[in-house]
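Enquirer: Let me give you the structure first, and then I'll get to my questions.
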Amino acid sequence: MNSETSTDTLIKKLEGSSEYKVLKRLSPPRQYNTPDGTATKTAVYLDLETTGLNYETDEIIEIALVPFRYSTDGKIFELLEPYNELREPKSGPISEEITKITGITNEMVKGRSIDLQNVIDIVFGASLIIAHNADFDRKFAEAEFESFNTKPWACSMSQIPWREEGLDSGKLEYLAMKSGFFYDAHRATTDCYAGIELLSRRLPKSRRLALDLLLTTARKDSHRIWAEQAPFDFKDILKGRGYRWNDGNDGRPKAWYCDVNDDALDAELKFLSDEIYQRNVDLHVSKISAVDRFSIRV
């Protein structure tokens with residue numbers, strides 16, 4: 001019995017027991033499905049590592065773009081050539097805290113820069129940009145590269161109902177573990193491959209392809225409700241319901257706000273009138289498409 005056969009036998013024994021769970025290191029395939037004549041589009045899975053959380057003051061120190069071909073029903077075909085690069089920040093050394101989170105040191109980025117033309121070429125051919133926390137990544141990407149501004153975006157963390165599928169968190173490492181694989185987290189390219197792997201699989205309860213559900217959600221317009229002058233005593237209720245606070249320094253209203261889909265808009269406005277304002281109220285609501293969603297502009 002060779003070592004490979006021996007390992008396979010042990011894995012089967014462990015998987016057959018309720019006492020163990022086997023996790024396999026992710027090895028991205030070149031191709032998930034064989035071309036079947038279906039018309040395909042190209043998406044780009046993006047991940048960034050940065051010096052902090054504020055796109056106005058912090059900088060990108062690593063970018064990864066992994067293009068792949070997919071069909072409109074969510075089937076992933078070929079993975080294309082990725083682009084990955086580190087960059088030395090102009091604002092000063094990378095902090096110890098960021099190094100602990102990302103594994104990126106000042107020595108690793110010294111003298112490194114991002115090839116703008118490579119980014120432009122890859123993004124130009126994409127019909128969709130996907131990130132796992134697009135609300136974070138898109139703002140940094142747009143602040144640095146104009147080519148991201150006009151593309152529709154989707155978020156594999158917030159636009160797939162992971163909890164409804166029986167999963168307690170939308171964090172990438174957790175989802176990978178629950179799906180039976182692990183990877184070297186917090187490096188941009190491996191995070192991209194992990195995200196694509198999740199999108200290639202069927203969801204645990206609905207059995208839909210994860211990418212199919214993401215595409216369905218991303219295509220729909222959403223609505224941003226601004227709960228201006230909401231009574232202070234109800235701030236914890238709003239926060240618990242998913243509302244976020246905007247301080248008004250960016251030119252937008254100083255108010256709590258949340259984004260809801262078309263089918264939830266009327267119910268959310270009724271909740272605000274009945275439970276928060278306790279009177280009929282005319283609130284500002286703005287429509288958001290996939291081209292604008294998660295953008296600096298919104």
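Identifiers for the structure tokens are assigned positionally: chains receive A, B, ... in sequence, residues are indexed from 1 per chain, and ligands are indexed from 1 in the order shown.
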With range 200-212 of chain A as the partner and 12 Å as the cut-off, tabulate the residues of range 77-139 of chain A that qualify, each row holding the nearest pair of atoms and their distance in Å to one decimal, using only C-alpha atoms, sorted by chain and rising number, as a tab-separated table.
Expert:
```
residue	atom	partner	partner_atom	distance
A:Phe77	CA	A:Ser200	CA	9.2
A:Glu78	CA	A:Ser200	CA	11.3
A:Leu79	CA	A:Ser200	CA	11.5
A:Leu128	CA	A:Leu211	CA	11.9
A:Ile130	CA	A:Leu211	CA	10.2
```
Enquirer: If we count only C-alpha atoms and set the cut-off at 6 Å, which residues sit around range 50-64 of chain A, ignoring sequence neighbours fewer than 2 positions away in its own chain? Please answer as a VMD selection string.
Expert: chain A and resid 46 to 48 83 to 87 140 188 to 189
Enquirer: Just want the 9 Å neighbourhood of Leu26 in chain A, counted on only C-alpha atoms, with same-chain residues fewer than 6 positions away dropped. Output as a PyMOL selection string.
Expert: chain A and resi 181-184+190+193-194+197
Enquirer: Which distance in Å separates CA of His284 in chain A and CA of Thr150 in chain A, to one decimal?
Expert: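 If I compute the distance from CA of His284 in chain A to CA of Thr150 in chain A, I get 24.8 Å.
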Enquirer: Which is closer to Thr34 in chain A than all the others in A:Ser71, A:Ser113, A:Ser273, A:Thr7, using only C-alpha atoms?
Expert: A:Ser71
Enquirer: What's the 12 Å shell around Ile101 in chain A, counting only C-alpha atoms, without same-chain residues fewer than 4 positions away, as number ranges by chain?
Expert: A: 49-52, 94-97, 105, 185-187
Enquirer: Could you dump the residues just selected with C-alpha atoms as a JSON list (two decimals), in the first residue's frame?
Expert:
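Output saved as part-v4.json:
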```
[["chain", "number", "residue", "atom", "x", "y", "z"],
["A", 49, "GLU", "CA", -4.55, 44.30, 2.12],
["A", 50, "THR", "CA", -4.20, 47.83, 3.49],
["A", 51, "THR", "CA", -2.43, 49.85, 6.16],
["A", 52, "GLY", "CA", -5.74, 50.55, 7.93],
["A", 94, "ILE", "CA", 3.65, 49.37, 8.00],
["A", 95, "SER", "CA", 2.64, 49.14, 11.65],
["A", 96, "GLU", "CA", 3.30, 46.05, 13.75],
["A", 97, "GLU", "CA", -0.45, 45.59, 14.16],
["A", 105, "THR", "CA", 6.39, 43.24, 6.57],
["A", 185, "ALA", "CA", -5.62, 33.40, 5.18],
["A", 186, "HIS", "CA", -5.00, 37.16, 5.03],
["A", 187, "ARG", "CA", -2.91, 37.08, 1.90]]
```
Enquirer: Extract, using only C-alpha atoms, all DNA, RNA and protein residues at most 10 Å from Val281 in chain A, discarding same-chain residues fewer than 2 positions from it, and format them as a list in words.
Expert: Ala227, Leu269, Lys270, Leu272, Ser273, Asp274, Tyr277, Gln278, Arg279, Leu283 and His284 of chain A
Enquirer: What is the CA of Glu142 in chain A-CA of Ile296 in chain A distance in Å, reported with one decimal?
Expert: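 We find that CA of Glu142 in chain A and CA of Ile296 in chain A lie 7.3 Å from each other.
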Enquirer: Write out as a PyMOL selection string which residues come within 8 Å of Trp256 in chain A when counting only C-alpha atoms, dropping same-chain ones fewer than 6 positions away.
Expert: chain A and resi 226-228+230+238+243-246
